[in-house]
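Colleague: One structure follows; several queries about it will come next.
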Amino acid sequence: MKKKFSRFFYKFVCCVLLSAAGGMVFARPNSAAEAVRQNIVVEPVKGLSDDFMNGVDISMIDQIEKFGGKFYNAAGEQQDIFEILKDNGVNWIRIRLWNKPVYENDVYDRNGKRIAKKGSPMGGGNNDLETDLRIAKRIKKAGLKFMLDFHYSDFWADPGKQYMPQEWKNLSPKELEVEVEKFTRETINAFTEAGGAPDAVQIGNELNSGFMWPVGQLWSDDPNVKIGGMKQFISLLQKASDGVRNAENGKNIQIVIHLADGGKQDLYKWIFDEVKKAKIDYDIIGLSFYTYWHGSMDDLKANLEMISKRYGKKMAVVETAYAFTEDGGDSQGDVFMTYSDDKYGYVPSVQGQATAIRDVIETVASVKGGCGVFYWEADSIICKGSELSATEGNTWENQAMFDFTGKALPSLAVWNLVHGRGEVKNVWGGSASLAKTESVPYGMSDKVELTIRPGEVPQLPSAVKLVFSDDSEKLVNVKWDSYNWKAQTKAGKIILKGTASGYDFKPELAVEFSDKVNLVEDGSFESGKLGAWKLNGSSTACFLENNKGNAHSGKWTYKYWLASGFKSILSREFKDIPNGTYRLSVWAMGGGGENNIRLFAARYDGTEKQITSKIVNTGWQDWHQYTIEVPVTNGKATIGIYLDTAPDCWGNFDDIEFVKVD
């Protein structure tokens with residue numbers, strides 16, 4: 001992370017190569033083509049019970065196979081996916097259920113071309129009752145347990161969208177309550193009669209903001225929208241619970257209430273305090289926990305411990321995932337973002353994927369009541385039918401537990417290996433083994449660079465993040481070699497070595513001595529904070545994004561997007577700087593179509609006069625650098641980025657520099 005230290009700064013730039021000179025190794029993601037050939041190790045989780053829920057969500061499987069998708073075991077043989085999963089230690093399957101997943105109206109793209117007809121399937125697995133009954137029968141035939149996930153929506157339901165099913169839109173709140181109980185009960189009975197009775201049922205999916213909007217909506221940014229609030233949400237949740245219990249054999253079905261943001265204690269207290277007060281009948285608190293969205297393992301553990309003490313319920317992470325590669329398998333972009341915070345991280349590799357899953361399992365199992373972990377869409381290979389909607393491609397294929405062509409990855413064995421069993425060697429040269437020794441560092445997470453003026457004595461970082469042999473990343477204290485800083489009177493570069501505390505590994509720090517120091521200490525936003533920057537505008541539209549795929553360097557950028565048009569200014573001031581000519585620059589990329597974007601400098605001569613450079617975005621990852629010369633005559637300057645956008649415009653800014661050149 002970049003941190004502010006007087007007139008010098010640390011610059012972390014993600015590097016994925018081995019130095020040609022045989023120097024420092026940095027974190028190396030796997031290529032998709034080599035994924036099945038990887039050799040990985042997994043440390044068993046001590047005391048893990050045999051009935052721990054080793055679960056995967058493969059809701060798209062019916063559609064994937066319908067369009068020709070195939071799956072292959074470690075022997076290279078095509079095999080039923082349920083048997084492959086079972087052989088690798090999976091004992092639970094989770095499947096989502098939508099009410100009526102077809103388009104309510106024709107769908108058109110920006111150019112007016114129709115891309116979906118009214119009444120056609122929405123995609124994403126098309127998980128209506130008929131589809132899920134077919135899947136449930138296969139789950140039971142394989143001897144696996146089954147969790148049914150009611151979305152109470154016709155399509156995706158999550159914290160940002162919980163749309164009322166088409167057929168329920170005109171019901172009164174009381175009529176809706178009756179329908180929810182009936183729908184839940186009759187649906188479960190249909191599974192039971194078909195021989196696919198669920199062992200657990202989620203009554204809603206990621207209910208942070210409620211469900212069945214607006215009746216069961218908990219909050220809204222729009223004061224003109226009339227919502228049911230907490231009272232109506234609780235009433236609907238109670239009816240959903242009643243529907244489970246009133247179903248055939250419903251007393252033996254475990255009821256799950258599920259929220260996202262598994263590291264946020266305040267969120268879980270807000271919802272579950274009300275659930276407890278209402279005495280709603282349920283068994284398990286379900287959490288979504290994706291490290292790249294929801295925080296660190298420390299955050300997850302702290303929340304689980306709070307839940308355990310406060311509510312005394314069982315807990316399961318019912319959604320998690322991590323990428324085995326940063327490669328994409330189609331032209332559609334992917335949602336994955338490399339996880340790396342101040343202390344921890346994982347390499348996007350087969351080993352990193354296995355370690356991330358293993359660490360979530362260990363964290364859940366370490367807390368009283370922790371009963372399971374489910375991996376989301378492990379089946380998301382590249383083929384027709386695996387798209388998350390009928391109007392877009394697959395955004396999840398690099399987080400599946402099979403490669404793009406359906407071959408089982410070595411990381412799939414993690415479900416056995418955490419129990420101390422199930423080592424695997426595959427026909428492609430890959431393997432998954434039990435860890436025999438402690439994980440040790442093999443490289444640095446990021447390249448660490450320091451720029452200072454000749455003769456200055458820097459404050460060196462006390463710790464750096466290292467990559468370990470299980471492809472986890474951890475912050476480790478460092479003792480740096482001595483160097484005579486004051487004797488360095490000329491411009492130049494050195495590599496300073498150090499020793500990682502507790503290990504033999506020797507990290508490196510690249511130091512550049514230069515009079516041209518960037519005054520923007522965190523120009524790449526790698527601290528994840530705006531710091532000295534001030535935003536005049538919507539923080540919903542303009543924010544810092546942790547997504548290496550959208551960054552010019554590192555992982556963080558200043559990002560903008562909003563469904564409607566908006567205006568904003570991001571700026572920062574400099575005072576008591578030497579007079580002279582400064583070069584202000586920024587890298588930018590985006591989808592284009594904005595009314596006006598400009599890089600600007602002002603108040604550099606005691607007036608309100610501005611110097612600007614117009615920014616024109618031309619497409620994803622099509623980065624361009626924009627530069628202006630700023631003649632400072634009064635020891636001050638204000639720099640910034642002005643945005644005037646049209647609806648649905650988006651873009652990213654990175655690597656801002658403000659350097660004295662004369």
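Simple scheme: letters A, B, ... for chains in structure tokens order, numbers from 1 for residues in each chain, numbers from 1 for ligands in the order shown.
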I want to know what sits within 8 Å of stretch 487-495 of chain A, based on only C-alpha atoms, with residues of the same chain fewer than 5 positions away left out; could you give that as a list in words?
Modeller: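 The neighbour list is Arg453, Pro454, Gly455, Glu508, Leu509, Ala510, Val511, Glu512, Phe513, Ser514 and Asp515 of chain A.
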Colleague: Could you write out that same residue set with all heavy atoms as a PDB file, in the first residue's frame?
Modeller:
```pdb
ATOM      1  N   ARG A 453      14.554  12.057  -2.568  1.00  0.00           N
ATOM      2  CA  ARG A 453      15.573  12.951  -3.092  1.00  0.00           C
ATOM      3  C   ARG A 453      16.947  12.501  -2.598  1.00  0.00           C
ATOM      4  O   ARG A 453      17.060  11.953  -1.496  1.00  0.00           O
ATOM      5  CB  ARG A 453      15.294  14.386  -2.662  1.00  0.00           C
ATOM      6  CG  ARG A 453      14.063  14.974  -3.341  1.00  0.00           C
ATOM      7  CD  ARG A 453      13.904  16.455  -3.032  1.00  0.00           C
ATOM      8  NE  ARG A 453      12.850  17.027  -3.845  1.00  0.00           N
ATOM      9  CZ  ARG A 453      11.569  17.066  -3.525  1.00  0.00           C
ATOM     10  NH1 ARG A 453      11.189  16.553  -2.358  1.00  0.00           N
ATOM     11  NH2 ARG A 453      10.676  17.595  -4.325  1.00  0.00           N
ATOM     12  N   PRO A 454      17.986  12.707  -3.384  1.00  0.00           N
ATOM     13  CA  PRO A 454      19.344  12.340  -2.947  1.00  0.00           C
ATOM     14  C   PRO A 454      19.690  12.973  -1.601  1.00  0.00           C
ATOM     15  O   PRO A 454      19.399  14.145  -1.361  1.00  0.00           O
ATOM     16  CB  PRO A 454      20.232  12.897  -4.066  1.00  0.00           C
ATOM     17  CG  PRO A 454      19.344  12.930  -5.270  1.00  0.00           C
ATOM     18  CD  PRO A 454      17.989  13.281  -4.748  1.00  0.00           C
ATOM     19  N   GLY A 455      20.276  12.178  -0.713  1.00  0.00           N
ATOM     20  CA  GLY A 455      20.699  12.670   0.596  1.00  0.00           C
ATOM     21  C   GLY A 455      19.654  12.555   1.675  1.00  0.00           C
ATOM     22  O   GLY A 455      19.967  12.747   2.857  1.00  0.00           O
ATOM     23  N   GLU A 508      13.033  -7.505  -1.209  1.00  0.00           N
ATOM     24  CA  GLU A 508      13.792  -6.423  -1.823  1.00  0.00           C
ATOM     25  C   GLU A 508      12.951  -5.159  -1.914  1.00  0.00           C
ATOM     26  O   GLU A 508      11.730  -5.214  -2.043  1.00  0.00           O
ATOM     27  CB  GLU A 508      14.260  -6.816  -3.223  1.00  0.00           C
ATOM     28  CG  GLU A 508      15.261  -7.953  -3.238  1.00  0.00           C
ATOM     29  CD  GLU A 508      15.709  -8.309  -4.653  1.00  0.00           C
ATOM     30  OE1 GLU A 508      15.140  -7.741  -5.616  1.00  0.00           O
ATOM     31  OE2 GLU A 508      16.612  -9.150  -4.802  1.00  0.00           O
ATOM     32  N   LEU A 509      13.654  -4.025  -1.854  1.00  0.00           N
ATOM     33  CA  LEU A 509      13.032  -2.716  -1.976  1.00  0.00           C
ATOM     34  C   LEU A 509      13.793  -1.926  -3.034  1.00  0.00           C
ATOM     35  O   LEU A 509      15.011  -1.725  -2.914  1.00  0.00           O
ATOM     36  CB  LEU A 509      13.076  -1.983  -0.630  1.00  0.00           C
ATOM     37  CG  LEU A 509      12.700  -0.505  -0.587  1.00  0.00           C
ATOM     38  CD1 LEU A 509      11.246  -0.321  -0.955  1.00  0.00           C
ATOM     39  CD2 LEU A 509      12.965   0.075   0.797  1.00  0.00           C
ATOM     40  N   ALA A 510      13.120  -1.508  -4.092  1.00  0.00           N
ATOM     41  CA  ALA A 510      13.745  -0.711  -5.149  1.00  0.00           C
ATOM     42  C   ALA A 510      13.690   0.761  -4.755  1.00  0.00           C
ATOM     43  O   ALA A 510      12.612   1.298  -4.506  1.00  0.00           O
ATOM     44  CB  ALA A 510      13.031  -0.944  -6.468  1.00  0.00           C
ATOM     45  N   VAL A 511      14.828   1.401  -4.678  1.00  0.00           N
ATOM     46  CA  VAL A 511      14.907   2.805  -4.270  1.00  0.00           C
ATOM     47  C   VAL A 511      15.441   3.641  -5.429  1.00  0.00           C
ATOM     48  O   VAL A 511      16.493   3.333  -6.003  1.00  0.00           O
ATOM     49  CB  VAL A 511      15.828   2.981  -3.050  1.00  0.00           C
ATOM     50  CG1 VAL A 511      15.821   4.438  -2.597  1.00  0.00           C
ATOM     51  CG2 VAL A 511      15.399   2.069  -1.911  1.00  0.00           C
ATOM     52  N   GLU A 512      14.710   4.693  -5.781  1.00  0.00           N
ATOM     53  CA  GLU A 512      15.169   5.625  -6.805  1.00  0.00           C
ATOM     54  C   GLU A 512      15.437   6.971  -6.150  1.00  0.00           C
ATOM     55  O   GLU A 512      14.608   7.481  -5.390  1.00  0.00           O
ATOM     56  CB  GLU A 512      14.124   5.784  -7.902  1.00  0.00           C
ATOM     57  CG  GLU A 512      14.577   6.756  -8.983  1.00  0.00           C
ATOM     58  CD  GLU A 512      13.599   6.874 -10.131  1.00  0.00           C
ATOM     59  OE1 GLU A 512      12.538   6.224 -10.068  1.00  0.00           O
ATOM     60  OE2 GLU A 512      13.898   7.611 -11.089  1.00  0.00           O
ATOM     61  N   PHE A 513      16.620   7.538  -6.437  1.00  0.00           N
ATOM     62  CA  PHE A 513      16.996   8.865  -5.947  1.00  0.00           C
ATOM     63  C   PHE A 513      16.761   9.853  -7.090  1.00  0.00           C
ATOM     64  O   PHE A 513      17.357   9.736  -8.166  1.00  0.00           O
ATOM     65  CB  PHE A 513      18.457   8.894  -5.510  1.00  0.00           C
ATOM     66  CG  PHE A 513      18.780   7.887  -4.444  1.00  0.00           C
ATOM     67  CD1 PHE A 513      19.249   6.628  -4.782  1.00  0.00           C
ATOM     68  CD2 PHE A 513      18.612   8.188  -3.096  1.00  0.00           C
ATOM     69  CE1 PHE A 513      19.552   5.689  -3.810  1.00  0.00           C
ATOM     70  CE2 PHE A 513      18.903   7.251  -2.117  1.00  0.00           C
ATOM     71  CZ  PHE A 513      19.372   5.998  -2.474  1.00  0.00           C
ATOM     72  N   SER A 514      15.871  10.843  -6.839  1.00  0.00           N
ATOM     73  CA  SER A 514      15.514  11.770  -7.906  1.00  0.00           C
ATOM     74  C   SER A 514      14.995  13.067  -7.321  1.00  0.00           C
ATOM     75  O   SER A 514      14.375  13.078  -6.266  1.00  0.00           O
ATOM     76  CB  SER A 514      14.439  11.146  -8.808  1.00  0.00           C
ATOM     77  OG  SER A 514      13.960  12.076  -9.740  1.00  0.00           O
ATOM     78  N   ASP A 515      15.268  14.179  -8.024  1.00  0.00           N
ATOM     79  CA  ASP A 515      14.711  15.465  -7.627  1.00  0.00           C
ATOM     80  C   ASP A 515      13.265  15.606  -8.086  1.00  0.00           C
ATOM     81  O   ASP A 515      12.548  16.483  -7.622  1.00  0.00           O
ATOM     82  CB  ASP A 515      15.538  16.612  -8.213  1.00  0.00           C
ATOM     83  CG  ASP A 515      16.894  16.742  -7.531  1.00  0.00           C
ATOM     84  OD1 ASP A 515      16.953  16.530  -6.306  1.00  0.00           O
ATOM     85  OD2 ASP A 515      17.880  17.030  -8.225  1.00  0.00           O
TER      86      ASP A 515
END
```
Colleague: Write out as a PyMOL selection string which residues come within 12 Å of A:Lys479 when counting only C-alpha atoms, dropping same-chain ones fewer than 2 positions away.
Modeller: chain A and resi 460-464+476-477+481-482+496-509
Colleague: Residues within 10 Å of A:Met589, please, as a PyMOL selection string. Count only C-alpha atoms; anything in the same chain fewer than 3 positions from it doesn't count.
Modeller: chain A and resi 550-552+559+592+615-625+650-654
Colleague: I'd like the contact shell of stretch 408-417 of chain A - 7 Å cut-off, only C-alpha atoms, skipping same-chain residues fewer than 3 positions apart - returned as a list in words.
Modeller: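 Listing them by chain and then by number gives Ala35, Val36, Ile40, Val42, Pro44, Asn54, Tyr72, Asn73, Ala74, Asn88, Gly89, Val90, Val350, Gln351, Gln353, Ala354, Arg358, Met401, Phe402, Asp403, Gly420, Arg421, Gly422, Glu423, Gly430, Ser431, Ala432 and Leu434 of chain A.
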Colleague: Determine, for each residue of stretch 446-546 of chain A having at least one atom at most 9 Å from an atom of stretch 26-31 of chain A, the closest pair of atoms and their separation in Å to one decimal, counting only C-alpha atoms; order by chain and ascending number, as a Markdown table.
Modeller:
```
| residue | atom | partner | partner_atom | distance |
| --- | --- | --- | --- | --- |
| A:Asp446 | CA | A:Phe26 | CA | 6.3 |
| A:Lys447 | CA | A:Phe26 | CA | 7.2 |
| A:Leu466 | CA | A:Ala27 | CA | 8.6 |
| A:Val467 | CA | A:Ala27 | CA | 6.3 |
| A:Asp471 | CA | A:Ala27 | CA | 8.0 |
| A:Glu473 | CA | A:Ala27 | CA | 8.9 |
```
Colleague: Can you measure atom CA of A:Ala365 to atom CA of A:Ile284 for me? One decimal in Å is fine.
Modeller: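 Between atom CA of A:Ala365 and atom CA of A:Ile284 the gap is 14.1 Å.
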Colleague: Please report as CSV every residue of stretch 443-528 of chain A lying within 7 Å of stretch 337-344 of chain A, along with the nearest atom pair and their distance in Å (one decimal), using only C-alpha atoms.
Modeller:
```
residue,atom,partner,partner_atom,distance
A:Lys465,CA,A:Lys343,CA,6.9
A:Glu473,CA,A:Tyr344,CA,5.1
A:Lys474,CA,A:Tyr344,CA,4.7
A:Leu475,CA,A:Lys343,CA,4.7
```
Colleague: Could the residues in this selection be saved with all heavy atoms as a JSON list (two decimals), in the first residue's frame?
Modeller:
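Final file, part_4.json:
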```
[["chain", "number", "residue", "atom", "x", "y", "z"],
["A", 465, "LYS", "N", 4.27, -7.56, 2.27],
["A", 465, "LYS", "CA", 3.43, -8.72, 2.07],
["A", 465, "LYS", "C", 4.16, -9.74, 1.20],
["A", 465, "LYS", "O", 4.63, -9.42, 0.10],
["A", 465, "LYS", "CB", 2.10, -8.34, 1.45],
["A", 465, "LYS", "CG", 1.04, -9.36, 1.71],
["A", 465, "LYS", "CD", -0.39, -8.88, 1.58],
["A", 465, "LYS", "CE", -0.63, -7.67, 0.79],
["A", 465, "LYS", "NZ", -2.01, -7.58, 0.31],
["A", 473, "GLU", "N", -1.14, -14.81, 0.85],
["A", 473, "GLU", "CA", -0.27, -13.64, 1.03],
["A", 473, "GLU", "C", -0.43, -13.14, 2.45],
["A", 473, "GLU", "O", -1.55, -13.00, 2.94],
["A", 473, "GLU", "CB", -0.64, -12.54, 0.04],
["A", 473, "GLU", "CG", -0.53, -12.97, -1.42],
["A", 473, "GLU", "CD", -1.01, -11.91, -2.39],
["A", 473, "GLU", "OE1", -1.54, -10.87, -1.93],
["A", 473, "GLU", "OE2", -0.88, -12.10, -3.61],
["A", 474, "LYS", "N", 0.69, -12.87, 3.11],
["A", 474, "LYS", "CA", 0.64, -12.41, 4.49],
["A", 474, "LYS", "C", 1.66, -11.30, 4.69],
["A", 474, "LYS", "O", 2.75, -11.32, 4.12],
["A", 474, "LYS", "CB", 0.95, -13.55, 5.47],
["A", 474, "LYS", "CG", -0.02, -14.72, 5.41],
["A", 474, "LYS", "CD", 0.34, -15.77, 6.44],
["A", 474, "LYS", "CE", -0.59, -16.98, 6.38],
["A", 474, "LYS", "NZ", -0.38, -17.79, 5.16],
["A", 475, "LEU", "N", 1.29, -10.33, 5.54],
["A", 475, "LEU", "CA", 2.20, -9.24, 5.90],
["A", 475, "LEU", "C", 3.21, -9.75, 6.92],
["A", 475, "LEU", "O", 2.84, -10.32, 7.95],
["A", 475, "LEU", "CB", 1.40, -8.08, 6.50],
["A", 475, "LEU", "CG", 2.15, -6.76, 6.68],
["A", 475, "LEU", "CD1", 2.47, -6.14, 5.33],
["A", 475, "LEU", "CD2", 1.31, -5.79, 7.52]]
```
Colleague: Which one is closest to A:Glu65: A:Glu206, A:Asp379, A:Asp281, A:Glu167? Count only C-alpha atoms.
Modeller: A:Asp379
Colleague: For atom CA of A:Phe52 and atom CA of A:Val373, quote the distance in Å rounded to one decimal.
Modeller: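 Separation between atom CA of A:Phe52 and atom CA of A:Val373: 8.1 Å.
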